[in-house]
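Visitor: My structure is in upload.cif, and what it holds is mmCIF, C-alpha atoms and all ligand atoms:
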```cif
data_start
#
loop_
_atom_site.group_PDB
_atom_site.id
_atom_site.type_symbol
_atom_site.label_atom_id
_atom_site.label_comp_id
_atom_site.auth_asym_id
_atom_site.auth_seq_id
_atom_site.Cartn_x
_atom_site.Cartn_y
_atom_site.Cartn_z
ATOM 1 C CA MET A 1 14.050 25.043 -37.630
ATOM 2 C CA LYS A 2 15.844 27.043 -34.953
ATOM 3 C CA LYS A 3 13.395 29.331 -33.103
ATOM 4 C CA MET A 4 14.465 32.938 -32.700
ATOM 5 C CA LEU A 5 12.764 35.866 -30.959
ATOM 6 C CA PHE A 6 13.777 39.341 -32.142
ATOM 7 C CA LEU A 7 13.127 41.998 -29.480
ATOM 8 C CA GLY A 8 12.922 45.378 -31.217
ATOM 9 C CA GLY A 9 12.668 43.509 -34.509
ATOM 10 C CA THR A 10 10.618 46.090 -36.431
ATOM 11 C CA GLY A 11 13.366 48.757 -36.244
ATOM 12 C CA PHE A 12 16.217 49.578 -38.646
ATOM 13 C CA LEU A 13 18.653 46.793 -37.751
ATOM 14 C CA GLY A 14 15.778 44.470 -36.790
ATOM 15 C CA LYS A 15 14.230 44.503 -40.280
ATOM 16 C CA ASN A 16 17.596 43.899 -41.931
ATOM 17 C CA LEU A 17 18.453 41.037 -39.559
ATOM 18 C CA LEU A 18 15.005 39.484 -39.940
ATOM 19 C CA GLU A 19 15.220 39.657 -43.720
ATOM 20 C CA ALA A 20 18.572 37.808 -43.593
ATOM 21 C CA PHE A 21 17.392 35.141 -41.139
ATOM 22 C CA VAL A 22 13.990 34.564 -42.835
ATOM 23 C CA GLN A 23 15.631 34.307 -46.269
ATOM 24 C CA ALA A 24 18.142 31.768 -44.912
ATOM 25 C CA GLY A 25 15.164 29.416 -44.454
ATOM 26 C CA GLU A 26 16.568 27.684 -41.357
ATOM 27 C CA TYR A 27 14.947 29.850 -38.697
ATOM 28 C CA GLU A 28 11.455 30.312 -37.289
ATOM 29 C CA CYS A 29 11.393 34.033 -36.457
ATOM 30 C CA VAL A 30 9.027 35.903 -34.118
ATOM 31 C CA VAL A 31 9.184 39.603 -33.206
ATOM 32 C CA PHE A 32 8.478 41.427 -29.962
ATOM 33 C CA ASP A 33 8.188 45.202 -30.340
ATOM 34 C CA LYS A 34 6.070 48.124 -29.175
ATOM 35 C CA GLN A 35 5.086 48.681 -32.827
ATOM 36 C CA GLY A 36 4.192 46.422 -35.743
ATOM 37 C CA PHE A 37 5.534 46.555 -39.291
ATOM 38 C CA PRO A 38 4.109 49.395 -41.374
ATOM 39 C CA ALA A 39 1.457 48.327 -43.919
ATOM 40 C CA GLU A 40 3.835 49.221 -46.770
ATOM 41 C CA ALA A 41 6.629 46.952 -45.425
ATOM 42 C CA PRO A 42 7.788 44.291 -47.930
ATOM 43 C CA ALA A 43 5.870 40.995 -48.005
ATOM 44 C CA ILE A 44 8.662 39.073 -46.251
ATOM 45 C CA PHE A 45 7.796 40.880 -42.991
ATOM 46 C CA GLN A 46 4.073 40.131 -43.251
ATOM 47 C CA GLU A 47 4.866 36.431 -42.657
ATOM 48 C CA VAL A 48 6.613 37.156 -39.332
ATOM 49 C CA PRO A 49 4.371 37.079 -36.217
ATOM 50 C CA VAL A 50 4.665 40.262 -34.129
ATOM 51 C CA CYS A 51 3.889 40.279 -30.397
ATOM 52 C CA LEU A 52 3.174 43.825 -29.343
ATOM 53 C CA GLY A 53 4.314 44.984 -25.917
ATOM 54 C CA ASN A 54 6.592 47.170 -23.876
ATOM 55 C CA PHE A 55 10.038 45.770 -23.187
ATOM 56 C CA GLU A 56 9.814 47.063 -19.611
ATOM 57 C CA ASP A 57 6.620 45.072 -18.972
ATOM 58 C CA ARG A 58 7.869 41.868 -17.347
ATOM 59 C CA ASP A 59 4.432 40.171 -17.410
ATOM 60 C CA ARG A 60 3.959 40.775 -21.127
ATOM 61 C CA LEU A 61 7.447 39.474 -21.865
ATOM 62 C CA ARG A 62 6.718 36.384 -19.772
ATOM 63 C CA GLU A 63 3.544 35.725 -21.840
ATOM 64 C CA VAL A 64 5.467 36.078 -25.086
ATOM 65 C CA LEU A 65 8.245 33.737 -23.951
ATOM 66 C CA GLN A 66 5.610 31.198 -22.872
ATOM 67 C CA GLN A 67 3.750 31.429 -26.198
ATOM 68 C CA HIS A 68 6.891 31.443 -28.341
ATOM 69 C CA PRO A 69 9.603 29.310 -26.762
ATOM 70 C CA ALA A 70 12.827 30.311 -28.502
ATOM 71 C CA GLU A 71 16.355 29.023 -28.469
ATOM 72 C CA VAL A 72 17.940 32.364 -29.339
ATOM 73 C CA LEU A 73 16.897 35.897 -28.324
ATOM 74 C CA VAL A 74 18.142 38.811 -30.397
ATOM 75 C CA HIS A 75 18.010 41.913 -28.212
ATOM 76 C CA LEU A 76 17.685 45.012 -30.411
ATOM 77 C CA VAL A 77 15.611 47.254 -28.136
ATOM 78 C CA SER A 78 17.051 50.589 -27.183
ATOM 79 C CA THR A 79 14.978 53.445 -25.833
ATOM 80 C CA THR A 80 17.832 55.921 -26.303
ATOM 81 C CA ILE A 81 20.481 56.878 -28.838
ATOM 82 C CA PRO A 82 23.803 58.406 -27.794
ATOM 83 C CA SER A 83 22.579 61.990 -28.235
ATOM 84 C CA SER A 84 19.395 61.495 -26.178
ATOM 85 C CA SER A 85 20.836 59.272 -23.462
ATOM 86 C CA ASN A 86 22.344 62.032 -21.298
ATOM 87 C CA LEU A 87 19.066 63.978 -21.123
ATOM 88 C CA ASP A 88 17.509 61.664 -18.514
ATOM 89 C CA ILE A 89 20.149 59.222 -17.356
ATOM 90 C CA ALA A 90 17.945 57.544 -14.729
ATOM 91 C CA LEU A 91 15.409 56.801 -17.475
ATOM 92 C CA ASP A 92 18.169 55.395 -19.709
ATOM 93 C CA ILE A 93 19.219 53.051 -16.887
ATOM 94 C CA GLU A 94 15.641 51.997 -16.022
ATOM 95 C CA SER A 95 14.317 51.529 -19.530
ATOM 96 C CA ASN A 96 17.422 49.832 -20.958
ATOM 97 C CA LEU A 97 19.624 48.366 -18.247
ATOM 98 C CA VAL A 98 17.009 47.320 -15.668
ATOM 99 C CA ALA A 99 14.731 46.040 -18.434
ATOM 100 C CA THR A 100 17.617 44.048 -19.945
ATOM 101 C CA VAL A 101 18.415 42.411 -16.591
ATOM 102 C CA GLN A 102 14.692 41.537 -16.220
ATOM 103 C CA LEU A 103 14.850 39.986 -19.678
ATOM 104 C CA LEU A 104 17.886 37.894 -18.687
ATOM 105 C CA ASP A 105 16.044 36.624 -15.596
ATOM 106 C CA LEU A 106 13.097 35.581 -17.757
ATOM 107 C CA ALA A 107 15.435 34.078 -20.342
ATOM 108 C CA ARG A 108 16.902 31.664 -17.827
ATOM 109 C CA GLN A 109 13.453 30.821 -16.405
ATOM 110 C CA TYR A 110 12.194 29.965 -19.894
ATOM 111 C CA ASN A 111 15.251 27.977 -20.942
ATOM 112 C CA ILE A 112 16.496 30.382 -23.574
ATOM 113 C CA ARG A 113 19.971 29.156 -24.441
ATOM 114 C CA LYS A 114 21.501 32.135 -26.212
ATOM 115 C CA VAL A 115 21.197 35.927 -26.358
ATOM 116 C CA VAL A 116 22.541 38.098 -29.164
ATOM 117 C CA PHE A 117 23.009 41.650 -27.875
ATOM 118 C CA LEU A 118 23.375 44.696 -30.106
ATOM 119 C CA SER A 119 25.907 46.859 -28.336
ATOM 120 C CA SER A 120 27.456 50.103 -29.469
ATOM 121 C CA GLY A 121 30.919 50.048 -31.064
ATOM 122 C CA GLY A 122 30.735 53.829 -31.355
ATOM 123 C CA THR A 123 30.241 54.581 -27.660
ATOM 124 C CA VAL A 124 31.521 51.808 -25.338
ATOM 125 C CA TYR A 125 35.187 52.674 -25.905
ATOM 126 C CA GLY A 126 34.891 56.424 -25.281
ATOM 127 C CA ILE A 127 37.848 58.392 -26.708
ATOM 128 C CA PRO A 128 40.413 55.776 -27.800
ATOM 129 C CA SER A 129 44.140 56.476 -27.460
ATOM 130 C CA SER A 130 44.608 55.156 -31.013
ATOM 131 C CA ASN A 131 42.610 53.657 -33.894
ATOM 132 C CA PRO A 132 41.558 51.064 -34.952
ATOM 133 C CA VAL A 133 40.163 49.905 -31.613
ATOM 134 C CA SER A 134 40.123 46.212 -30.738
ATOM 135 C CA GLU A 135 37.692 44.528 -28.337
ATOM 136 C CA THR A 136 40.353 44.511 -25.596
ATOM 137 C CA ALA A 137 40.885 48.303 -25.654
ATOM 138 C CA PRO A 138 39.953 50.295 -22.513
ATOM 139 C CA THR A 139 36.258 51.191 -22.224
ATOM 140 C CA ASN A 140 35.566 54.698 -20.915
ATOM 141 C CA PRO A 141 32.266 55.855 -22.457
ATOM 142 C CA ILE A 142 31.486 59.589 -22.528
ATOM 143 C CA CYS A 143 27.696 59.195 -22.803
ATOM 144 C CA SER A 144 25.115 57.298 -20.790
ATOM 145 C CA HIS A 145 24.209 55.163 -23.819
ATOM 146 C CA GLY A 146 27.741 53.722 -23.835
ATOM 147 C CA ILE A 147 27.791 53.150 -20.072
ATOM 148 C CA VAL A 148 24.414 51.380 -20.163
ATOM 149 C CA LYS A 149 25.467 49.202 -23.130
ATOM 150 C CA LEU A 150 28.705 48.289 -21.348
ATOM 151 C CA ALA A 151 26.867 47.476 -18.109
ATOM 152 C CA ALA A 152 24.393 45.301 -20.045
ATOM 153 C CA GLU A 153 27.376 43.484 -21.607
ATOM 154 C CA LYS A 154 28.750 42.836 -18.109
ATOM 155 C CA TYR A 155 25.393 41.414 -16.928
ATOM 156 C CA LEU A 156 25.272 39.138 -19.967
ATOM 157 C CA GLN A 157 28.712 37.860 -18.987
ATOM 158 C CA LEU A 158 27.592 37.451 -15.360
ATOM 159 C CA TYR A 159 24.551 35.397 -16.422
ATOM 160 C CA ARG A 160 26.837 33.200 -18.496
ATOM 161 C CA HIS A 161 29.083 32.691 -15.466
ATOM 162 C CA LEU A 162 26.238 32.067 -12.993
ATOM 163 C CA TYR A 163 23.644 30.277 -15.124
ATOM 164 C CA GLY A 164 25.283 29.211 -18.384
ATOM 165 C CA LEU A 165 23.184 31.576 -20.544
ATOM 166 C CA GLU A 166 25.272 32.056 -23.682
ATOM 167 C CA TYR A 167 25.798 35.503 -25.198
ATOM 168 C CA LEU A 168 27.043 37.104 -28.370
ATOM 169 C CA ILE A 169 27.849 40.787 -27.927
ATOM 170 C CA CYS A 170 28.041 42.663 -31.232
ATOM 171 C CA ARG A 171 29.629 46.108 -30.922
ATOM 172 C CA VAL A 172 28.208 47.612 -34.104
ATOM 173 C CA SER A 173 29.759 50.775 -35.606
ATOM 174 C CA ASN A 174 27.739 53.145 -37.848
ATOM 175 C CA PRO A 175 25.354 51.258 -40.137
ATOM 176 C CA TYR A 176 23.623 52.808 -43.161
ATOM 177 C CA GLY A 177 21.196 51.461 -45.741
ATOM 178 C CA GLU A 178 17.704 50.032 -46.166
ATOM 179 C CA TYR A 179 14.866 50.542 -43.645
ATOM 180 C CA HIS A 180 16.648 53.398 -41.885
ATOM 181 C CA HIS A 181 14.143 55.817 -40.339
ATOM 182 C CA SER A 182 15.785 58.003 -37.674
ATOM 183 C CA PRO A 183 15.827 61.726 -38.488
ATOM 184 C CA VAL A 184 18.905 62.234 -36.256
ATOM 185 C CA GLN A 185 21.025 59.063 -35.955
ATOM 186 C CA GLY A 186 22.964 57.601 -38.893
ATOM 187 C CA LEU A 187 24.863 60.292 -40.832
ATOM 188 C CA ILE A 188 24.707 58.822 -44.344
ATOM 189 C CA ASN A 189 20.953 58.159 -44.372
ATOM 190 C CA VAL A 190 20.153 61.438 -42.613
ATOM 191 C CA VAL A 191 22.238 63.459 -45.104
ATOM 192 C CA LEU A 192 20.706 61.725 -48.137
ATOM 193 C CA ARG A 193 17.171 62.141 -46.813
ATOM 194 C CA ARG A 194 17.685 65.860 -46.183
ATOM 195 C CA ILE A 195 19.111 66.352 -49.702
ATOM 196 C CA VAL A 196 16.145 64.524 -51.249
ATOM 197 C CA LYS A 197 13.753 66.757 -49.271
ATOM 198 C CA GLY A 198 15.683 69.889 -50.322
ATOM 199 C CA GLU A 199 16.668 70.610 -46.710
ATOM 200 C CA GLU A 200 19.932 72.004 -45.367
ATOM 201 C CA VAL A 201 22.403 69.395 -44.036
ATOM 202 C CA VAL A 202 23.397 70.189 -40.439
ATOM 203 C CA ILE A 203 26.777 68.986 -39.155
ATOM 204 C CA TRP A 204 27.808 69.088 -35.497
ATOM 205 C CA GLY A 205 31.424 70.329 -35.331
ATOM 206 C CA ASP A 206 33.774 71.102 -38.234
ATOM 207 C CA GLY A 207 33.217 67.783 -40.069
ATOM 208 C CA SER A 208 36.568 66.291 -39.023
ATOM 209 C CA THR A 209 34.915 63.630 -36.830
ATOM 210 C CA ILE A 210 35.930 60.178 -38.076
ATOM 211 C CA ARG A 211 33.608 57.165 -37.968
ATOM 212 C CA ASP A 212 33.508 53.582 -39.172
ATOM 213 C CA TYR A 213 30.565 53.252 -41.578
ATOM 214 C CA ILE A 214 29.174 49.850 -42.524
ATOM 215 C CA TYR A 215 26.409 48.823 -44.917
ATOM 216 C CA VAL A 216 23.550 47.428 -42.831
ATOM 217 C CA LYS A 217 23.209 44.278 -44.971
ATOM 218 C CA ASP A 218 26.856 43.508 -44.093
ATOM 219 C CA VAL A 219 25.947 43.862 -40.393
ATOM 220 C CA ALA A 220 23.031 41.433 -40.859
ATOM 221 C CA ASP A 221 25.204 39.016 -42.836
ATOM 222 C CA ALA A 222 27.984 39.166 -40.221
ATOM 223 C CA ILE A 223 25.621 38.522 -37.303
ATOM 224 C CA MET A 224 23.927 35.655 -39.133
ATOM 225 C CA LYS A 225 27.311 34.044 -39.848
ATOM 226 C CA LEU A 226 28.349 34.439 -36.194
ATOM 227 C CA VAL A 227 25.118 32.705 -35.106
ATOM 228 C CA GLN A 228 25.522 29.961 -37.725
ATOM 229 C CA ASN A 229 29.163 29.420 -36.655
ATOM 230 C CA ASP A 230 27.998 29.233 -33.033
ATOM 231 C CA ALA A 231 30.439 32.035 -32.133
ATOM 232 C CA PHE A 232 28.860 32.595 -28.719
ATOM 233 C CA ASN A 233 30.431 33.908 -25.506
ATOM 234 C CA GLN A 234 32.333 36.483 -27.521
ATOM 235 C CA VAL A 235 32.489 40.259 -27.687
ATOM 236 C CA VAL A 236 32.883 41.183 -31.352
ATOM 237 C CA ASN A 237 33.361 44.508 -33.148
ATOM 238 C CA VAL A 238 31.091 44.691 -36.186
ATOM 239 C CA GLY A 239 32.280 47.431 -38.534
ATOM 240 C CA SER A 240 34.103 48.018 -41.794
ATOM 241 C CA GLY A 241 37.448 48.684 -40.104
ATOM 242 C CA GLN A 242 37.803 51.841 -42.233
ATOM 243 C CA GLY A 243 37.513 55.439 -41.087
ATOM 244 C CA LEU A 244 35.958 58.332 -42.987
ATOM 245 C CA SER A 245 35.524 61.896 -41.756
ATOM 246 C CA ILE A 246 32.113 63.524 -42.063
ATOM 247 C CA ASN A 247 33.608 65.901 -44.642
ATOM 248 C CA GLN A 248 34.878 62.937 -46.689
ATOM 249 C CA VAL A 249 31.361 61.453 -46.632
ATOM 250 C CA LEU A 250 29.908 64.804 -47.777
ATOM 251 C CA THR A 251 32.455 64.987 -50.616
ATOM 252 C CA LEU A 252 31.497 61.484 -51.773
ATOM 253 C CA VAL A 253 27.797 62.399 -51.709
ATOM 254 C CA GLN A 254 28.539 65.640 -53.600
ATOM 255 C CA LYS A 255 30.344 63.673 -56.323
ATOM 256 C CA GLU A 256 27.162 61.622 -56.874
ATOM 257 C CA LEU A 257 24.444 64.220 -56.330
ATOM 258 C CA GLY A 258 26.033 67.628 -56.889
ATOM 259 C CA SER A 259 26.323 70.374 -54.318
ATOM 260 C CA PHE A 260 23.873 70.929 -51.471
ATOM 261 C CA PRO A 261 23.706 73.416 -48.583
ATOM 262 C CA VAL A 262 25.610 72.458 -45.408
ATOM 263 C CA ARG A 263 25.496 74.294 -42.059
ATOM 264 C CA TYR A 264 28.140 73.594 -39.406
ATOM 265 C CA GLU A 265 26.996 73.860 -35.768
ATOM 266 C CA ARG A 266 29.012 73.692 -32.546
ATOM 267 C CA GLY A 267 30.387 70.211 -31.763
ATOM 268 C CA ARG A 268 28.732 68.081 -29.062
ATOM 269 C CA ALA A 269 30.520 66.985 -25.883
ATOM 270 C CA PHE A 270 29.495 63.333 -26.244
ATOM 271 C CA ASP A 271 30.884 62.924 -29.766
ATOM 272 C CA VAL A 272 34.153 60.972 -29.826
ATOM 273 C CA PRO A 273 36.575 62.726 -32.271
ATOM 274 C CA ALA A 274 37.663 59.544 -34.095
ATOM 275 C CA LEU A 275 36.572 55.943 -33.826
ATOM 276 C CA VAL A 276 37.390 53.088 -36.179
ATOM 277 C CA LEU A 277 36.855 49.464 -35.163
ATOM 278 C CA ASP A 278 39.480 46.761 -35.501
ATOM 279 C CA CYS A 279 37.450 43.947 -37.085
ATOM 280 C CA ALA A 280 40.111 41.205 -37.219
ATOM 281 C CA LYS A 281 38.202 39.120 -34.670
ATOM 282 C CA LEU A 282 34.976 39.375 -36.689
ATOM 283 C CA ARG A 283 36.812 38.239 -39.824
ATOM 284 C CA SER A 284 38.344 35.266 -38.030
ATOM 285 C CA LEU A 285 34.983 34.207 -36.505
ATOM 286 C CA MET A 286 33.167 34.511 -39.841
HETATM 287 N N1 LIG A 301 21.492 52.216 -35.715
HETATM 288 C C1 LIG A 301 22.717 52.367 -35.241
HETATM 289 O O1 LIG A 301 23.451 53.265 -35.665
HETATM 290 C C2 LIG A 301 23.238 51.417 -34.190
HETATM 291 C C3 LIG A 301 24.627 51.308 -34.007
HETATM 292 C C4 LIG A 301 25.099 50.445 -33.018
HETATM 293 C C5 LIG A 301 24.209 49.730 -32.225
HETATM 294 N N2 LIG A 301 22.860 49.892 -32.424
HETATM 295 C C6 LIG A 301 21.962 49.155 -31.537
HETATM 296 O O2 LIG A 301 21.221 48.237 -32.302
HETATM 297 C C7 LIG A 301 19.903 48.101 -31.759
HETATM 298 C C8 LIG A 301 18.889 48.386 -32.848
HETATM 299 O O3 LIG A 301 19.103 49.709 -33.336
HETATM 300 P P1 LIG A 301 18.194 50.324 -34.479
HETATM 301 O O4 LIG A 301 19.002 51.358 -35.152
HETATM 302 O O5 LIG A 301 17.553 49.252 -35.257
HETATM 303 O O6 LIG A 301 17.110 51.070 -33.592
HETATM 304 P P2 LIG A 301 15.553 51.298 -33.915
HETATM 305 O O7 LIG A 301 15.121 52.419 -33.037
HETATM 306 O O8 LIG A 301 15.336 51.406 -35.375
HETATM 307 O O9 LIG A 301 14.892 49.942 -33.406
HETATM 308 C C9 LIG A 301 14.633 49.693 -32.054
HETATM 309 C C10 LIG A 301 13.318 48.988 -31.958
HETATM 310 O O10 LIG A 301 13.038 48.827 -30.562
HETATM 311 C C11 LIG A 301 11.665 49.116 -30.348
HETATM 312 N N3 LIG A 301 11.480 49.597 -28.980
HETATM 313 C C12 LIG A 301 12.028 50.712 -28.414
HETATM 314 N N4 LIG A 301 11.622 50.813 -27.140
HETATM 315 C C13 LIG A 301 10.824 49.751 -26.889
HETATM 316 C C14 LIG A 301 10.109 49.297 -25.751
HETATM 317 N N5 LIG A 301 10.140 49.981 -24.600
HETATM 318 N N6 LIG A 301 9.383 48.171 -25.855
HETATM 319 C C15 LIG A 301 9.340 47.469 -27.018
HETATM 320 N N7 LIG A 301 10.000 47.845 -28.130
HETATM 321 C C16 LIG A 301 10.732 48.980 -28.060
HETATM 322 C C17 LIG A 301 11.318 50.185 -31.364
HETATM 323 O O11 LIG A 301 9.921 50.209 -31.633
HETATM 324 C C18 LIG A 301 12.164 49.772 -32.566
HETATM 325 O O12 LIG A 301 11.432 48.948 -33.451
HETATM 326 C C19 LIG A 301 19.832 49.059 -30.577
HETATM 327 O O13 LIG A 301 20.090 48.369 -29.394
HETATM 328 C C20 LIG A 301 20.940 50.047 -30.873
HETATM 329 O O14 LIG A 301 21.461 50.632 -29.695
HETATM 330 C C21 LIG A 301 22.362 50.688 -33.392
#
```
As C-alpha cells - that is how I would like this structure written.
Ligand SMILES: NC(=O)c1ccc[n+]([C@@H]2O[C@H](COP(=O)([O-])OP(=O)(O)OC[C@H]3O[C@@H](n4cnc5c(N)ncnc54)[C@H](O)[C@@H]3O)[C@@H](O)[C@H]2O)c1
Guide:
Amino acid sequence: MKKMLFLGGTGFLGKNLLEAFVQAGEYECVVFDKQGFPAEAPAIFQEVPVCLGNFEDRDRLREVLQQHPAEVLVHLVSTTIPSSSNLDIALDIESNLVATVQLLDLARQYNIRKVVFLSSGGTVYGIPSSNPVSETAPTNPICSHGIVKLAAEKYLQLYRHLYGLEYLICRVSNPYGEYHHSPVQGLINVVLRRIVKGEEVVIWGDGSTIRDYIYVKDVADAIMKLVQNDAFNQVVNVGSGQGLSINQVLTLVQKELGSFPVRYERGRAFDVPALVLDCAKLRSLM
C-alpha cells in the first residue's frame, strides 16, 4: 500500500480526492487539517486518521511526518481564495507561501518522495491573450492568490532541481459538485445553494465572464490517474477545456429549476474576463 498524506484533506477537493484514493484500495491515506470530518460525513471518511494541526506550525507538521511516514504528500491547504487574497497580501504570503516552503524543507528531511500541489488554473495565467490557455502560456496573475500559487510552483521546481523532490502541479479550473461548502467560491454550487434557500443570486459584473467548469469527481479521477501513471515533474491544467459564461450557467440552471431572482453587482478588478484551460496535456498523461 502506498502511503499518502493529504494536507487540507477535510475540505471540498480533499474529501473528493480521499474518496477516490480510498476506494481505489491501493493507498493508505492519512489527513492533516485544522479541522476534522463533520460527524455526518459518510462512513468512508471515518476510517481515515486525521491529525489536527495548523499548517504554519512547523513542529506539529514534523510530529505528523514522523508518526505517519508517507511517500506522497497531497498539498490542498489554502488559507485564501482569489477574492480574499488581496485583502492582506503579507498574510497570504506568510500563511501559504512561507508555510509551503517550510513543508518542502520538512518533506526532504523526512524522505517524502513526491508532492502533489493543487494550484489555481483560474488565477496563475492572469488575463490570457487568447483561450484556451496551455501550460506554456505567459503567467501574469492579477490577484495575490495567483502570485502565491505561482511562486509555490517555482519553489516546488527548485526543490526538484536541488534535492530531487518530485512534484505534480495541478492547475485546477472551477470545480463543482459533492462536499462543496464555500458560501462565496464556486459559482455553480453557490447559485444552487442560494436557490434552494430561496435567496437572491448575486453576480459580480454583467454575467459575461467565461470560466472552465469541471465536475469535482473528474478532478479527483484525473489526479488519481496522474499519480497512478507516475506523471510527476509536470505542470498540468486540470479542467474541462470548455468555456461557459455565467449567464449561460444561469440559463442552464433556469431550464432545470425555473426562474429565480438574480442581482448584478459591479464587476471585481481581480476577475479575469475569460479563462478556459487547454487540457490536451492532461488527456495525453491520463
Ligand atoms: N475549490 C476551487 O475552486 C479550487 C480551484 C483551484 C484550486 N483549488 C485549490 O485546491 C486546494 C483545495 O481547495 P478546496 O476548494 O478544497 O478548499 P477548502 O477550503 O475546502 O479546503 C482547504 C482545507 O485546508 C484546511 N486549512 C486551511 N488553512 C489551514 C491551516 N492553516 N492549517 C491546516 N489546515 C488548513 C481547511 O480546514 C480545509 O479543510 C486549495 O489549495 C485551493 O487553492 C481550489
Visitor: Would you place a box with edges along x, y and z of the file around all atoms of ligand LIG 301 (chain A) listed there, add 4 Å to each of its six sides, and report the centre and edge lengths in Å to one decimal, as lines of an AutoDock Vina configuration file?
Guide:
```
center_x = 17.2
center_y = 50.4
center_z = -30.2
size_x = 23.8
size_y = 13.8
size_z = 19.1
```
Visitor: Could you list the protein, DNA and RNA residues that have any atom within 9 Å of ligand LIG 301 (chain A), counting only C-alpha atoms and all ligand atoms, and write them as an NGL selection string?
Guide: :A and (7-16 or 32-37 or 52-57 or 75-82 or 95-96 or 99 or 117-123 or 145 or 149 or 170-176 or 179-182 or 185-187 or 216 or 238)
Visitor: Looking at all atoms listed in the file, which of A:Val31, A:Leu97, A:Leu252, A:Val236 is the one that sits closest to A:Thr136?
Guide: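 Ranking A:Val31, A:Leu97, A:Leu252, A:Val236 by distance to A:Thr136, first place goes to A:Val236.
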Visitor: For the atom pair atom CA of A:Ala280 and atom CA of A:Ser129, what is the interatomic distance in Å to one decimal place?
Guide: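 Straight-line distance from atom CA of A:Ala280 to atom CA of A:Ser129 works out to 18.6 Å.
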Visitor: Env of stretch 84-87 of chain A: 10 Å cut, atoms = all atoms listed in the file, seq-sep filter 4 positions within chain, self excluded. Answer as a PyMOL selection string.
Guide: chain A and resi 79-80+91-93+142-148+270
Visitor: What is the distance between atom CA of A:Ile188 and atom CA of A:Gln254, in Å to one decimal?
Guide: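 Separating atom CA of A:Ile188 from atom CA of A:Gln254 is a distance of 12.1 Å.
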Visitor: Separation of atom CA of A:Gln157 and atom CA of A:Ile223, in Å?
Guide: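 Value for the atom CA of A:Gln157-atom CA of A:Ile223 distance: 18.6 Å.
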Visitor: Spell out the residues picked by the PyMOL selection byres (((chain A and resi 202) around 8) and not hetatm) here, as number ranges by chain.
Guide: A: 200-201, 203-204, 262-265
Visitor: Selection from above, C-alpha atoms, as a compact mmCIF listing (two decimals), in the frame of the given file, can you write it?
Guide:
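So the final result, stored in part-v6.txt, reads:
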```txt
# COMPACT_ATOMS: atom_id res chain seq x y z
CA GLU A 200 19.93 72.00 -45.37
CA VAL A 201 22.40 69.40 -44.04
CA ILE A 203 26.78 68.99 -39.16
CA TRP A 204 27.81 69.09 -35.50
CA VAL A 262 25.61 72.46 -45.41
CA ARG A 263 25.50 74.29 -42.06
CA TYR A 264 28.14 73.59 -39.41
CA GLU A 265 27.00 73.86 -35.77
```
Visitor: Do a neighbour search on A:Lys3 at 7 Å with only C-alpha atoms, toss out local chain neighbours closer than 6 positions, and write the hits as a PyMOL selection string.
Guide: chain A and resi 27-29+70-72
